[in-house]
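K.L.:
Provided herewith is a single structure, encoded as structure tokens, for subsequent inquiry.
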Amino acid sequence: MAMKLILIVVGLACCITGVISGGSEIHSAFSYLENDFVAAKASSSTPQPLMVALTLIQGAASKGAVCLDGTLPGYHLHRGFGSGANSWVIQLEGGGWCNTIRSCVFRKTTRRGSSDRMEKQIPFTGILSNKAEENPDFFNWNRVKVRYCDGASFSGDGEDTGANLQFRGQKIWLAAMKELMSKGMQNADQALLSGCSAGGLASIIHCDEFRGLFPKSTKVKCLSDAGFFLDATDVSGGRTLRNLFGGVVKLQEVQKNLPASCLSKLDPTSCFFPQNLISHVTTPLFILNAAYDAWQLQASLAPPSADPHGAWNSCKSNHANCNSSQIQFLQDFRNQMLNALDGFSLSSQTGLYINSCFAHCQSERQDTWFGDDSPLIKNKPIAIAVGDWYFDRQVVKAIDCAYPCDKTCHNLVFNDSIEID
């Protein structure tokens with residue numbers, strides 16, 4: 001099977017309208033687009049996906065649960081049916097972070113910071129699909145996407161009155177869960193909290209809270225897709241992502257909602273990194289991640305600030321252009337990821353699917369979740385692996401061989417000559 005390349009036309013190193021492209025701000029400003037470049041392929045496939053309307057959480061403002069600009073938070077719900085009528089899958093939307101007043105002020109002019117800017121309908125694909133042939137284990141569950149408009153992985157709790165910014169991610173999380181419980185989730189016999197990218201980080205942060213919503217008799221597990229962001233050294237020897245996360249944690253007062261058991265040992269920024277969080281999660285958790293995560297390569301490992309002369313531009317655009325030393329750097333990154341997951345993988349209740357692809361967010365895209373030519377590890381697609389783990393059909397600890405051995409990947413390839421407006 002030939003390796004599949006997906007062309008994503010995105011201007012990664014160019015200016016984004018309304019953003020100052022300097023220091024860490026360009027990374028946080030770009031990062032709100034992280035899900036956009038992954039979603040670009042999804043809409044081009046046939047047949048047409050189910051479209052689900054946006055619902056705003058009325059009354060959320062009285063609880064302080066508002067987006068960055070003060071608008072109401074929202075979600076998309078498609079009801080389950082048949083045997084899945086009392087089962088729920090909640091997907092927390094991703095879309096980067098904002099780590100400075102300036103980047104958050106920009107973000108509130110986008111759908112990542114204001115429900116006024118959100119699409120009124122979105123496609124439900126991958127793990128949210130309502131078709132058995134596209135989503136074999138969860139197609140008839142109640143499926144929900146909770147929109148992301150706080151910029152801190154649903155975990156901030158503060159404000160900046162001078163800039164008219166509300167950092168209310170934690171309150172949005174609580175308001176959304178209360179709303180969904182009132183819509184029937186309190187009767188769930190099975191529930192899965194999932195999330196992609198910044199939402200995948202949120203699904204780790206909130207996993208035990210989610211478990212606490214239900215009686216012990218309810219089967220509850222969590223899935224983090226493309227949320228395993230490493231505290232890694234960039235190509236210049238700096239810590240781009242640590243600097244970005246540090247700004248998010250401080251600005252949005254995230255430490256209030258991080259595990260006390262972690263904070264007693266490490267600083268708050270370290271406790272925002274999944275590698276330091278996962279040992280504090282007691283609820284069964286599945287980590288799905290590309291070993292050469294496309295977003296981390298673009299924005300954490302080789303961002304413009306760490307590569308001012310553009311030595312990595314060609315490699316970042318297409319992994320086939322990477323030279324031997326660049327490939328070795330990426331292999332070292334993969335090894336760091338696997339080492340960080342060592343202890344996690346020993347537990348019988350955890351699940352792993354680490355494929356050696358240049359990808360990002362594989363559960364919400366139909367072509368990577370479940371299709372005729374989906375990515376495989378030992379002939380098992382992602383959807384079947386997650387289902388096997390959730391329903392305890394098999395232990396799933398799927399770790400791919402190193403690049404370039406996997407020919408089933410749907411690798412992201414970028415054209416960086418186009419400017420984003």
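Order determines the names: the first chain of the structure tokens is A, the second B, and so forth; residues in each chain are numbered 1 upward, and ligands are numbered 1 upward as they are shown.
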Could you list, as a PyMOL selection string, every residue within 6 Å of Pro73 (chain A), counting only C-alpha atoms and ignoring same-chain residues fewer than 2 positions away?
P.N.:
chain A and resi 56-57+66-67
K.L.:
Quick check for you: according to DSSP on this backbone, which residues of region 186-372 of chain A are classed as helix (DSSP H, G or I)? Reply as an mmCIF file with N, CA, C and O atoms, in the first residue's frame.
P.N.:
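Written file, out_2.cif:
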data_model
loop_
_atom_site.group_PDB
_atom_site.id
_atom_site.type_symbol
_atom_site.label_atom_id
_atom_site.label_comp_id
_atom_site.auth_asym_id
_atom_site.auth_seq_id
_atom_site.Cartn_x
_atom_site.Cartn_y
_atom_site.Cartn_z
ATOM 1 N N GLN A 186 -26.705 12.228 32.368
ATOM 2 C CA GLN A 186 -26.696 11.676 33.728
ATOM 3 C C GLN A 186 -27.184 10.225 33.755
ATOM 4 O O GLN A 186 -26.911 9.492 34.712
ATOM 5 N N ASN A 187 -27.853 9.794 32.691
ATOM 6 C CA ASN A 187 -28.349 8.417 32.606
ATOM 7 C C ASN A 187 -27.411 7.506 31.825
ATOM 8 O O ASN A 187 -27.775 6.358 31.527
ATOM 9 N N ALA A 198 -5.165 20.651 21.439
ATOM 10 C CA ALA A 198 -5.388 21.353 22.704
ATOM 11 C C ALA A 198 -6.562 20.739 23.450
ATOM 12 O O ALA A 198 -6.601 20.738 24.678
ATOM 13 N N GLY A 199 -7.527 20.186 22.704
ATOM 14 C CA GLY A 199 -8.629 19.441 23.313
ATOM 15 C C GLY A 199 -8.188 18.099 23.845
ATOM 16 O O GLY A 199 -8.772 17.578 24.801
ATOM 17 N N GLY A 200 -7.153 17.518 23.219
ATOM 18 C CA GLY A 200 -6.585 16.276 23.725
ATOM 19 C C GLY A 200 -5.871 16.485 25.044
ATOM 20 O O GLY A 200 -5.928 15.632 25.937
ATOM 21 N N LEU A 201 -5.196 17.614 25.183
ATOM 22 C CA LEU A 201 -4.614 17.982 26.476
ATOM 23 C C LEU A 201 -5.724 18.185 27.504
ATOM 24 O O LEU A 201 -5.627 17.729 28.648
ATOM 25 N N ALA A 202 -6.808 18.847 27.089
ATOM 26 C CA ALA A 202 -7.941 19.081 27.989
ATOM 27 C C ALA A 202 -8.575 17.774 28.451
ATOM 28 O O ALA A 202 -9.018 17.657 29.597
ATOM 29 N N SER A 203 -8.615 16.781 27.569
ATOM 30 C CA SER A 203 -9.222 15.503 27.954
ATOM 31 C C SER A 203 -8.387 14.792 29.016
ATOM 32 O O SER A 203 -8.922 14.020 29.826
ATOM 33 N N ILE A 204 -7.089 15.053 29.050
ATOM 34 C CA ILE A 204 -6.236 14.518 30.118
ATOM 35 C C ILE A 204 -6.480 15.303 31.417
ATOM 36 O O ILE A 204 -6.684 14.717 32.483
ATOM 37 N N ILE A 205 -6.469 16.629 31.302
ATOM 38 C CA ILE A 205 -6.657 17.484 32.484
ATOM 39 C C ILE A 205 -7.988 17.181 33.171
ATOM 40 O O ILE A 205 -8.068 17.128 34.409
ATOM 41 N N CYS A 207 -10.006 14.426 32.769
ATOM 42 C CA CYS A 207 -10.426 13.020 32.726
ATOM 43 C C CYS A 207 -11.032 12.556 34.053
ATOM 44 O O CYS A 207 -12.135 11.986 34.081
ATOM 45 N N ASP A 208 -10.343 12.781 35.139
ATOM 46 C CA ASP A 208 -10.864 12.323 36.438
ATOM 47 C C ASP A 208 -12.103 13.112 36.870
ATOM 48 O O ASP A 208 -13.000 12.560 37.511
ATOM 49 N N GLU A 209 -12.156 14.397 36.503
ATOM 50 C CA GLU A 209 -13.370 15.173 36.768
ATOM 51 C C GLU A 209 -14.561 14.568 36.029
ATOM 52 O O GLU A 209 -15.672 14.499 36.559
ATOM 53 N N PHE A 210 -14.333 14.165 34.800
ATOM 54 C CA PHE A 210 -15.388 13.546 33.993
ATOM 55 C C PHE A 210 -15.866 12.251 34.646
ATOM 56 O O PHE A 210 -17.075 12.008 34.775
ATOM 57 N N ARG A 211 -14.926 11.437 35.088
ATOM 58 C CA ARG A 211 -15.270 10.199 35.791
ATOM 59 C C ARG A 211 -16.155 10.501 37.008
ATOM 60 O O ARG A 211 -17.116 9.775 37.301
ATOM 61 N N THR A 240 10.776 26.399 23.094
ATOM 62 C CA THR A 240 9.686 27.188 22.531
ATOM 63 C C THR A 240 8.342 26.844 23.169
ATOM 64 O O THR A 240 7.592 27.734 23.580
ATOM 65 N N LEU A 241 8.020 25.558 23.249
ATOM 66 C CA LEU A 241 6.705 25.185 23.769
ATOM 67 C C LEU A 241 6.604 25.442 25.266
ATOM 68 O O LEU A 241 5.552 25.847 25.764
ATOM 69 N N ARG A 242 7.694 25.231 26.004
ATOM 70 C CA ARG A 242 7.676 25.551 27.440
ATOM 71 C C ARG A 242 7.424 27.042 27.644
ATOM 72 O O ARG A 242 6.667 27.425 28.540
ATOM 73 N N ASN A 243 8.029 27.875 26.824
ATOM 74 C CA ASN A 243 7.794 29.315 26.938
ATOM 75 C C ASN A 243 6.340 29.657 26.636
ATOM 76 O O ASN A 243 5.724 30.484 27.324
ATOM 77 N N LEU A 244 5.785 29.024 25.604
ATOM 78 C CA LEU A 244 4.388 29.252 25.252
ATOM 79 C C LEU A 244 3.463 28.787 26.375
ATOM 80 O O LEU A 244 2.582 29.536 26.826
ATOM 81 N N PHE A 245 3.660 27.567 26.855
ATOM 82 C CA PHE A 245 2.831 27.039 27.935
ATOM 83 C C PHE A 245 2.966 27.867 29.212
ATOM 84 O O PHE A 245 1.991 28.082 29.933
ATOM 85 N N GLY A 246 4.175 28.330 29.484
ATOM 86 C CA GLY A 246 4.386 29.159 30.668
ATOM 87 C C GLY A 246 3.550 30.426 30.625
ATOM 88 O O GLY A 246 2.969 30.844 31.637
ATOM 89 N N GLY A 247 3.466 31.026 29.439
ATOM 90 C CA GLY A 247 2.638 32.209 29.277
ATOM 91 C C GLY A 247 1.162 31.916 29.456
ATOM 92 O O GLY A 247 0.430 32.692 30.094
ATOM 93 N N VAL A 248 0.704 30.795 28.909
ATOM 94 C CA VAL A 248 -0.700 30.394 29.045
ATOM 95 C C VAL A 248 -1.049 30.180 30.520
ATOM 96 O O VAL A 248 -2.058 30.691 31.024
ATOM 97 N N VAL A 249 -0.225 29.416 31.204
ATOM 98 C CA VAL A 249 -0.488 29.068 32.598
ATOM 99 C C VAL A 249 -0.528 30.319 33.475
ATOM 100 O O VAL A 249 -1.430 30.485 34.310
ATOM 101 N N LYS A 250 0.429 31.226 33.272
ATOM 102 C CA LYS A 250 0.487 32.432 34.102
ATOM 103 C C LYS A 250 -0.652 33.391 33.776
ATOM 104 O O LYS A 250 -1.357 33.877 34.671
ATOM 105 N N LEU A 251 -0.850 33.667 32.493
ATOM 106 C CA LEU A 251 -1.856 34.644 32.080
ATOM 107 C C LEU A 251 -3.261 34.206 32.472
ATOM 108 O O LEU A 251 -4.064 35.014 32.955
ATOM 109 N N VAL A 254 -4.013 29.040 35.129
ATOM 110 C CA VAL A 254 -4.336 27.624 34.937
ATOM 111 C C VAL A 254 -3.990 26.781 36.163
ATOM 112 O O VAL A 254 -4.614 25.746 36.407
ATOM 113 N N GLN A 255 -3.012 27.217 36.954
ATOM 114 C CA GLN A 255 -2.562 26.398 38.083
ATOM 115 C C GLN A 255 -3.702 26.059 39.043
ATOM 116 O O GLN A 255 -3.649 25.040 39.746
ATOM 117 N N LYS A 256 -4.749 26.879 39.065
ATOM 118 C CA LYS A 256 -5.887 26.611 39.946
ATOM 119 C C LYS A 256 -6.568 25.284 39.634
ATOM 120 O O LYS A 256 -7.238 24.708 40.498
ATOM 121 N N ASN A 257 -6.399 24.810 38.394
ATOM 122 C CA ASN A 257 -7.136 23.633 37.948
ATOM 123 C C ASN A 257 -6.238 22.467 37.530
ATOM 124 O O ASN A 257 -6.677 21.554 36.843
ATOM 125 N N ALA A 260 -3.236 18.825 42.309
ATOM 126 C CA ALA A 260 -2.412 19.193 43.470
ATOM 127 C C ALA A 260 -1.263 18.210 43.652
ATOM 128 O O ALA A 260 -0.168 18.587 44.080
ATOM 129 N N SER A 261 -1.512 16.949 43.289
ATOM 130 C CA SER A 261 -0.470 15.923 43.434
ATOM 131 C C SER A 261 0.712 16.189 42.516
ATOM 132 O O SER A 261 1.849 15.835 42.828
ATOM 133 N N CYS A 262 0.461 16.854 41.378
ATOM 134 C CA CYS A 262 1.554 17.257 40.485
ATOM 135 C C CYS A 262 2.209 18.534 40.975
ATOM 136 O O CYS A 262 3.442 18.647 41.016
ATOM 137 N N LEU A 263 1.384 19.515 41.358
ATOM 138 C CA LEU A 263 1.908 20.805 41.799
ATOM 139 C C LEU A 263 2.758 20.698 43.060
ATOM 140 O O LEU A 263 3.606 21.557 43.321
ATOM 141 N N SER A 270 5.241 22.898 34.213
ATOM 142 C CA SER A 270 5.546 21.478 34.021
ATOM 143 C C SER A 270 4.292 20.619 34.150
ATOM 144 O O SER A 270 4.139 19.609 33.450
ATOM 145 N N CYS A 271 3.379 21.033 35.030
ATOM 146 C CA CYS A 271 2.149 20.260 35.258
ATOM 147 C C CYS A 271 1.104 20.487 34.182
ATOM 148 O O CYS A 271 0.031 19.878 34.217
ATOM 149 N N PHE A 272 1.386 21.362 33.207
ATOM 150 C CA PHE A 272 0.523 21.544 32.043
ATOM 151 C C PHE A 272 0.956 20.626 30.901
ATOM 152 O O PHE A 272 0.243 20.487 29.912
ATOM 153 N N PRO A 274 1.519 17.046 29.300
ATOM 154 C CA PRO A 274 0.931 15.714 29.511
ATOM 155 C C PRO A 274 1.892 14.684 30.097
ATOM 156 O O PRO A 274 1.475 13.823 30.867
ATOM 157 N N GLN A 275 3.174 14.754 29.738
ATOM 158 C CA GLN A 275 4.115 13.762 30.238
ATOM 159 C C GLN A 275 4.206 13.779 31.758
ATOM 160 O O GLN A 275 4.553 12.770 32.372
ATOM 161 N N ASN A 276 3.869 14.939 32.365
ATOM 162 C CA ASN A 276 3.883 15.047 33.821
ATOM 163 C C ASN A 276 2.497 14.908 34.438
ATOM 164 O O ASN A 276 2.373 14.809 35.659
ATOM 165 N N LEU A 277 1.466 14.897 33.603
ATOM 166 C CA LEU A 277 0.086 14.783 34.077
ATOM 167 C C LEU A 277 -0.417 13.344 34.136
ATOM 168 O O LEU A 277 -1.207 12.981 35.009
ATOM 169 N N ILE A 278 0.019 12.535 33.173
ATOM 170 C CA ILE A 278 -0.627 11.230 32.986
ATOM 171 C C ILE A 278 -0.497 10.313 34.202
ATOM 172 O O ILE A 278 -1.388 9.492 34.440
ATOM 173 N N SER A 279 0.556 10.461 34.985
ATOM 174 C CA SER A 279 0.708 9.601 36.162
ATOM 175 C C SER A 279 -0.265 9.985 37.269
ATOM 176 O O SER A 279 -0.445 9.223 38.227
ATOM 177 N N HIS A 280 -0.928 11.137 37.136
ATOM 178 C CA HIS A 280 -1.883 11.596 38.147
ATOM 179 C C HIS A 280 -3.326 11.309 37.748
ATOM 180 O O HIS A 280 -4.249 11.646 38.484
ATOM 181 N N ALA A 294 2.818 16.549 13.417
ATOM 182 C CA ALA A 294 3.018 17.629 12.452
ATOM 183 C C ALA A 294 2.948 19.003 13.094
ATOM 184 O O ALA A 294 3.718 19.906 12.733
ATOM 185 N N TRP A 295 2.036 19.191 14.060
ATOM 186 C CA TRP A 295 1.938 20.495 14.710
ATOM 187 C C TRP A 295 3.175 20.769 15.560
ATOM 188 O O TRP A 295 3.710 21.879 15.539
ATOM 189 N N GLN A 296 3.629 19.761 16.295
ATOM 190 C CA GLN A 296 4.808 19.982 17.141
ATOM 191 C C GLN A 296 6.051 20.265 16.307
ATOM 192 O O GLN A 296 6.898 21.082 16.691
ATOM 193 N N LEU A 297 6.165 19.614 15.149
ATOM 194 C CA LEU A 297 7.295 19.904 14.266
ATOM 195 C C LEU A 297 7.240 21.358 13.797
ATOM 196 O O LEU A 297 8.247 22.074 13.827
ATOM 197 N N GLN A 298 6.044 21.815 13.411
ATOM 198 C CA GLN A 298 5.900 23.167 12.886
ATOM 199 C C GLN A 298 6.094 24.246 13.949
ATOM 200 O O GLN A 298 6.756 25.255 13.709
ATOM 201 N N ALA A 299 5.464 24.065 15.102
ATOM 202 C CA ALA A 299 5.337 25.165 16.059
ATOM 203 C C ALA A 299 6.161 25.026 17.326
ATOM 204 O O ALA A 299 6.342 26.006 18.040
ATOM 205 N N SER A 300 6.652 23.823 17.612
ATOM 206 C CA SER A 300 7.429 23.604 18.822
ATOM 207 C C SER A 300 8.891 23.290 18.527
ATOM 208 O O SER A 300 9.789 23.869 19.127
ATOM 209 N N LEU A 301 9.132 22.385 17.594
ATOM 210 C CA LEU A 301 10.495 21.936 17.333
ATOM 211 C C LEU A 301 11.268 22.865 16.399
ATOM 212 O O LEU A 301 12.450 23.134 16.620
ATOM 213 N N ASN A 313 12.722 24.767 6.717
ATOM 214 C CA ASN A 313 11.476 25.028 5.996
ATOM 215 C C ASN A 313 11.072 23.908 5.058
ATOM 216 O O ASN A 313 9.908 23.491 5.019
ATOM 217 N N SER A 314 12.022 23.425 4.283
ATOM 218 C CA SER A 314 11.706 22.377 3.315
ATOM 219 C C SER A 314 11.321 21.079 4.013
ATOM 220 O O SER A 314 10.364 20.400 3.626
ATOM 221 N N CYS A 315 12.036 20.749 5.074
ATOM 222 C CA CYS A 315 11.747 19.539 5.855
ATOM 223 C C CYS A 315 10.382 19.646 6.513
ATOM 224 O O CYS A 315 9.606 18.682 6.521
ATOM 225 N N LYS A 316 10.061 20.824 7.064
ATOM 226 C CA LYS A 316 8.759 21.015 7.714
ATOM 227 C C LYS A 316 7.625 20.901 6.718
ATOM 228 O O LYS A 316 6.536 20.421 7.051
ATOM 229 N N SER A 317 7.841 21.374 5.497
ATOM 230 C CA SER A 317 6.788 21.333 4.483
ATOM 231 C C SER A 317 6.509 19.919 4.016
ATOM 232 O O SER A 317 5.363 19.554 3.754
ATOM 233 N N HIS A 319 8.205 15.938 4.832
ATOM 234 C CA HIS A 319 9.220 15.113 5.500
ATOM 235 C C HIS A 319 10.180 14.442 4.521
ATOM 236 O O HIS A 319 11.303 14.106 4.877
ATOM 237 N N ALA A 320 9.732 14.245 3.278
ATOM 238 C CA ALA A 320 10.598 13.613 2.274
ATOM 239 C C ALA A 320 11.800 14.487 1.948
ATOM 240 O O ALA A 320 12.797 13.997 1.396
ATOM 241 N N ASN A 321 11.738 15.768 2.296
ATOM 242 C CA ASN A 321 12.845 16.696 2.025
ATOM 243 C C ASN A 321 13.831 16.813 3.178
ATOM 244 O O ASN A 321 14.790 17.574 3.086
ATOM 245 N N SER A 324 19.578 13.890 6.555
ATOM 246 C CA SER A 324 19.827 12.817 7.533
ATOM 247 C C SER A 324 19.913 13.348 8.957
ATOM 248 O O SER A 324 19.429 12.707 9.895
ATOM 249 N N SER A 325 20.506 14.532 9.144
ATOM 250 C CA SER A 325 20.600 15.068 10.502
ATOM 251 C C SER A 325 19.232 15.516 11.015
ATOM 252 O O SER A 325 18.937 15.390 12.218
ATOM 253 N N GLN A 326 18.401 16.017 10.130
ATOM 254 C CA GLN A 326 17.047 16.394 10.523
ATOM 255 C C GLN A 326 16.220 15.161 10.886
ATOM 256 O O GLN A 326 15.485 15.159 11.882
ATOM 257 N N ILE A 327 16.349 14.123 10.106
ATOM 258 C CA ILE A 327 15.655 12.865 10.422
ATOM 259 C C ILE A 327 16.106 12.338 11.776
ATOM 260 O O ILE A 327 15.294 11.874 12.587
ATOM 261 N N GLN A 328 17.400 12.442 12.060
ATOM 262 C CA GLN A 328 17.900 11.974 13.357
ATOM 263 C C GLN A 328 17.315 12.801 14.497
ATOM 264 O O GLN A 328 16.967 12.255 15.552
ATOM 265 N N PHE A 329 17.176 14.099 14.293
ATOM 266 C CA PHE A 329 16.553 14.963 15.306
ATOM 267 C C PHE A 329 15.110 14.507 15.567
ATOM 268 O O PHE A 329 14.661 14.434 16.724
ATOM 269 N N LEU A 330 14.401 14.168 14.497
ATOM 270 C CA LEU A 330 13.013 13.717 14.632
ATOM 271 C C LEU A 330 12.937 12.329 15.264
ATOM 272 O O LEU A 330 11.999 12.039 16.026
ATOM 273 N N GLN A 331 13.920 11.481 14.969
ATOM 274 C CA GLN A 331 13.956 10.164 15.630
ATOM 275 C C GLN A 331 14.203 10.327 17.130
ATOM 276 O O GLN A 331 13.621 9.606 17.948
ATOM 277 N N ASP A 332 15.036 11.289 17.487
ATOM 278 C CA ASP A 332 15.269 11.562 18.909
ATOM 279 C C ASP A 332 13.991 12.054 19.583
ATOM 280 O O ASP A 332 13.704 11.699 20.740
ATOM 281 N N PHE A 333 13.211 12.870 18.862
ATOM 282 C CA PHE A 333 11.935 13.341 19.389
ATOM 283 C C PHE A 333 10.985 12.162 19.621
ATOM 284 O O PHE A 333 10.336 12.078 20.672
ATOM 285 N N ARG A 334 10.922 11.255 18.663
ATOM 286 C CA ARG A 334 10.096 10.049 18.834
ATOM 287 C C ARG A 334 10.542 9.259 20.055
ATOM 288 O O ARG A 334 9.713 8.787 20.846
ATOM 289 N N ASN A 335 11.852 9.104 20.226
ATOM 290 C CA ASN A 335 12.367 8.357 21.379
ATOM 291 C C ASN A 335 11.990 9.039 22.698
ATOM 292 O O ASN A 335 11.668 8.357 23.681
ATOM 293 N N GLN A 336 12.027 10.380 22.713
ATOM 294 C CA GLN A 336 11.598 11.104 23.915
ATOM 295 C C GLN A 336 10.135 10.819 24.221
ATOM 296 O O GLN A 336 9.752 10.643 25.381
ATOM 297 N N MET A 337 9.306 10.783 23.187
ATOM 298 C CA MET A 337 7.884 10.503 23.379
ATOM 299 C C MET A 337 7.678 9.104 23.954
ATOM 300 O O MET A 337 6.931 8.919 24.925
ATOM 301 N N LEU A 338 8.357 8.131 23.383
ATOM 302 C CA LEU A 338 8.201 6.754 23.860
ATOM 303 C C LEU A 338 8.730 6.603 25.283
ATOM 304 O O LEU A 338 8.122 5.903 26.112
ATOM 305 N N ASN A 339 9.825 7.275 25.598
ATOM 306 C CA ASN A 339 10.364 7.218 26.961
ATOM 307 C C ASN A 339 9.390 7.840 27.958
ATOM 308 O O ASN A 339 9.226 7.340 29.082
ATOM 309 N N ALA A 340 8.739 8.941 27.545
ATOM 310 C CA ALA A 340 7.787 9.612 28.429
ATOM 311 C C ALA A 340 6.547 8.765 28.680
ATOM 312 O O ALA A 340 5.832 8.974 29.660
ATOM 313 N N ASP A 342 6.705 5.375 28.914
ATOM 314 C CA ASP A 342 7.142 4.078 29.448
ATOM 315 C C ASP A 342 6.301 3.609 30.633
ATOM 316 O O ASP A 342 5.722 2.523 30.615
ATOM 317 N N GLY A 343 6.250 4.410 31.668
ATOM 318 C CA GLY A 343 5.503 4.019 32.866
ATOM 319 C C GLY A 343 4.017 3.904 32.603
ATOM 320 O O GLY A 343 3.352 2.982 33.084
ATOM 321 N N PHE A 344 3.490 4.827 31.801
ATOM 322 C CA PHE A 344 2.071 4.828 31.441
ATOM 323 C C PHE A 344 1.676 3.517 30.771
ATOM 324 O O PHE A 344 0.610 2.956 31.040
ATOM 325 N N SER A 345 2.529 3.019 29.896
ATOM 326 C CA SER A 345 2.194 1.833 29.105
ATOM 327 C C SER A 345 2.136 0.561 29.942
ATOM 328 O O SER A 345 1.574 -0.448 29.503
ATOM 329 N N GLN A 366 -12.061 11.456 8.901
ATOM 330 C CA GLN A 366 -12.569 10.155 8.480
ATOM 331 C C GLN A 366 -11.488 9.285 7.850
ATOM 332 O O GLN A 366 -11.419 8.081 8.094
ATOM 333 N N ASP A 367 -10.628 9.911 7.032
ATOM 334 C CA ASP A 367 -9.640 9.111 6.307
ATOM 335 C C ASP A 367 -8.617 8.472 7.228
ATOM 336 O O ASP A 367 -8.050 7.427 6.902
ATOM 337 N N THR A 368 -8.377 9.068 8.386
ATOM 338 C CA THR A 368 -7.410 8.478 9.313
ATOM 339 C C THR A 368 -8.083 7.641 10.401
ATOM 340 O O THR A 368 -7.469 6.728 10.943
ATOM 341 N N TRP A 369 -9.341 7.949 10.734
ATOM 342 C CA TRP A 369 -10.053 7.198 11.776
ATOM 343 C C TRP A 369 -10.447 5.804 11.279
ATOM 344 O O TRP A 369 -10.089 4.801 11.883
#
K.L.:
What does the distance between CA of Phe229 (chain A) and CA of Gln91 (chain A) come to in Å, to one decimal place?
P.N.:
18.1 Å
K.L.:
Using only C-alpha atoms, find the one residue out of A:Ser182, A:Asn289, A:Ser305, A:Ser62 that sits nearest to Ile399 (chain A).
P.N.:
A:Asn289
K.L.:
For a quick check of understanding, using only C-alpha atoms, which of A:Ala175, A:Leu223, A:Ala188, A:Ile101 has the smallest distance to Ala60 (chain A)?
P.N.:
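Distance minimum relative to Ala60 (chain A) lands on A:Ala175.
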K.L.:
Using only C-alpha atoms, pick whichever of A:Gln252, A:Ser155, A:Asn99, A:Gln190 has the shortest atom-to-atom distance to Phe167 (chain A).
P.N.:
A:Gln252
K.L.:
List the neighbours of region 122-131 of chain A out to 10 Å using only C-alpha atoms; skip same-chain residues closer than 6 positions along the sequence, and give me the result as a count of residues only.
P.N.:
40
K.L.:
Can you check which residues of region 128-278 of chain A DSSP gives as strand (DSSP E) on the backbone and send them as a PyMOL selection string?
P.N.:
chain A and resi 142-146+158-160+165-167+190-196+219-225
K.L.:
Applying 8 Å and only C-alpha atoms, which residues near Val235 (chain A) remain after dropping the ones on its own chain fewer than 6 positions away? List them as a PDB file with all heavy atoms, in the first residue's frame.
P.N.:
ATOM      1  N   LEU A 301       9.132  22.385  17.594  1.00  0.00           N
ATOM      2  CA  LEU A 301      10.495  21.936  17.333  1.00  0.00           C
ATOM      3  C   LEU A 301      11.268  22.865  16.399  1.00  0.00           C
ATOM      4  O   LEU A 301      12.450  23.134  16.620  1.00  0.00           O
ATOM      5  CB  LEU A 301      10.483  20.518  16.749  1.00  0.00           C
ATOM      6  CG  LEU A 301       9.881  19.427  17.630  1.00  0.00           C
ATOM      7  CD1 LEU A 301       9.943  18.089  16.914  1.00  0.00           C
ATOM      8  CD2 LEU A 301      10.616  19.352  18.969  1.00  0.00           C
ATOM      9  N   ALA A 302      10.616  23.342  15.339  1.00  0.00           N
ATOM     10  CA  ALA A 302      11.332  24.161  14.350  1.00  0.00           C
ATOM     11  C   ALA A 302      10.512  25.378  13.931  1.00  0.00           C
ATOM     12  O   ALA A 302      10.301  25.613  12.738  1.00  0.00           O
ATOM     13  CB  ALA A 302      11.685  23.305  13.136  1.00  0.00           C
ATOM     14  N   ALA A 306      13.157  29.734  16.206  1.00  0.00           N
ATOM     15  CA  ALA A 306      14.271  28.826  16.464  1.00  0.00           C
ATOM     16  C   ALA A 306      15.069  28.518  15.198  1.00  0.00           C
ATOM     17  O   ALA A 306      16.160  27.957  15.271  1.00  0.00           O
ATOM     18  CB  ALA A 306      13.749  27.522  17.075  1.00  0.00           C
ATOM     19  N   ASP A 307      14.510  28.898  14.063  1.00  0.00           N
ATOM     20  CA  ASP A 307      15.138  28.605  12.771  1.00  0.00           C
ATOM     21  C   ASP A 307      15.038  29.849  11.873  1.00  0.00           C
ATOM     22  O   ASP A 307      14.383  29.835  10.836  1.00  0.00           O
ATOM     23  CB  ASP A 307      14.419  27.404  12.127  1.00  0.00           C
ATOM     24  CG  ASP A 307      14.992  27.005  10.776  1.00  0.00           C
ATOM     25  OD1 ASP A 307      16.224  27.129  10.596  1.00  0.00           O
ATOM     26  OD2 ASP A 307      14.197  26.589   9.904  1.00  0.00           O
TER      27      ASP A 307
END
K.L.:
Looking at only C-alpha atoms, which of A:Asn411, A:Thr218, A:Ser347, A:Ser374 is the one that sits closest to Thr282 (chain A)?
P.N.:
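Ranking A:Asn411, A:Thr218, A:Ser347, A:Ser374 by distance to Thr282 (chain A), first place goes to A:Ser347.
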K.L.:
Would you mind listing what lies within 12 Å of Asp388 (chain A) as an mmCIF file with C-alpha atoms, in the first residue's frame, with only C-alpha atoms counted and same-chain residues fewer than 6 positions away left out?
P.N.:
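To be explicit, this is the file written out as around00.cif:
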data_model
loop_
_atom_site.group_PDB
_atom_site.id
_atom_site.type_symbol
_atom_site.label_atom_id
_atom_site.label_comp_id
_atom_site.auth_asym_id
_atom_site.auth_seq_id
_atom_site.Cartn_x
_atom_site.Cartn_y
_atom_site.Cartn_z
ATOM 1 C CA PRO A 136 -18.117 1.044 13.934
ATOM 2 C CA ASP A 137 -18.187 1.274 17.741
ATOM 3 C CA PHE A 138 -19.589 4.731 18.475
ATOM 4 C CA PHE A 286 -5.850 6.107 25.785
ATOM 5 C CA GLN A 349 -6.060 -0.077 31.925
ATOM 6 C CA THR A 350 -4.215 2.334 29.611
ATOM 7 C CA GLY A 351 -4.157 2.237 25.822
ATOM 8 C CA LEU A 352 -1.588 3.395 23.274
ATOM 9 C CA TYR A 353 -1.518 3.965 19.528
ATOM 10 C CA LYS A 380 -5.340 -2.537 12.918
ATOM 11 C CA PRO A 381 -6.866 0.879 12.141
ATOM 12 C CA ILE A 382 -7.240 3.523 14.832
ATOM 13 C CA GLN A 394 -8.107 -6.587 23.728
ATOM 14 C CA VAL A 395 -5.177 -4.913 25.415
ATOM 15 C CA VAL A 396 -3.966 -2.209 23.008
ATOM 16 C CA LYS A 397 -0.338 -1.063 23.249
ATOM 17 C CA ALA A 398 0.341 -0.313 19.590
#
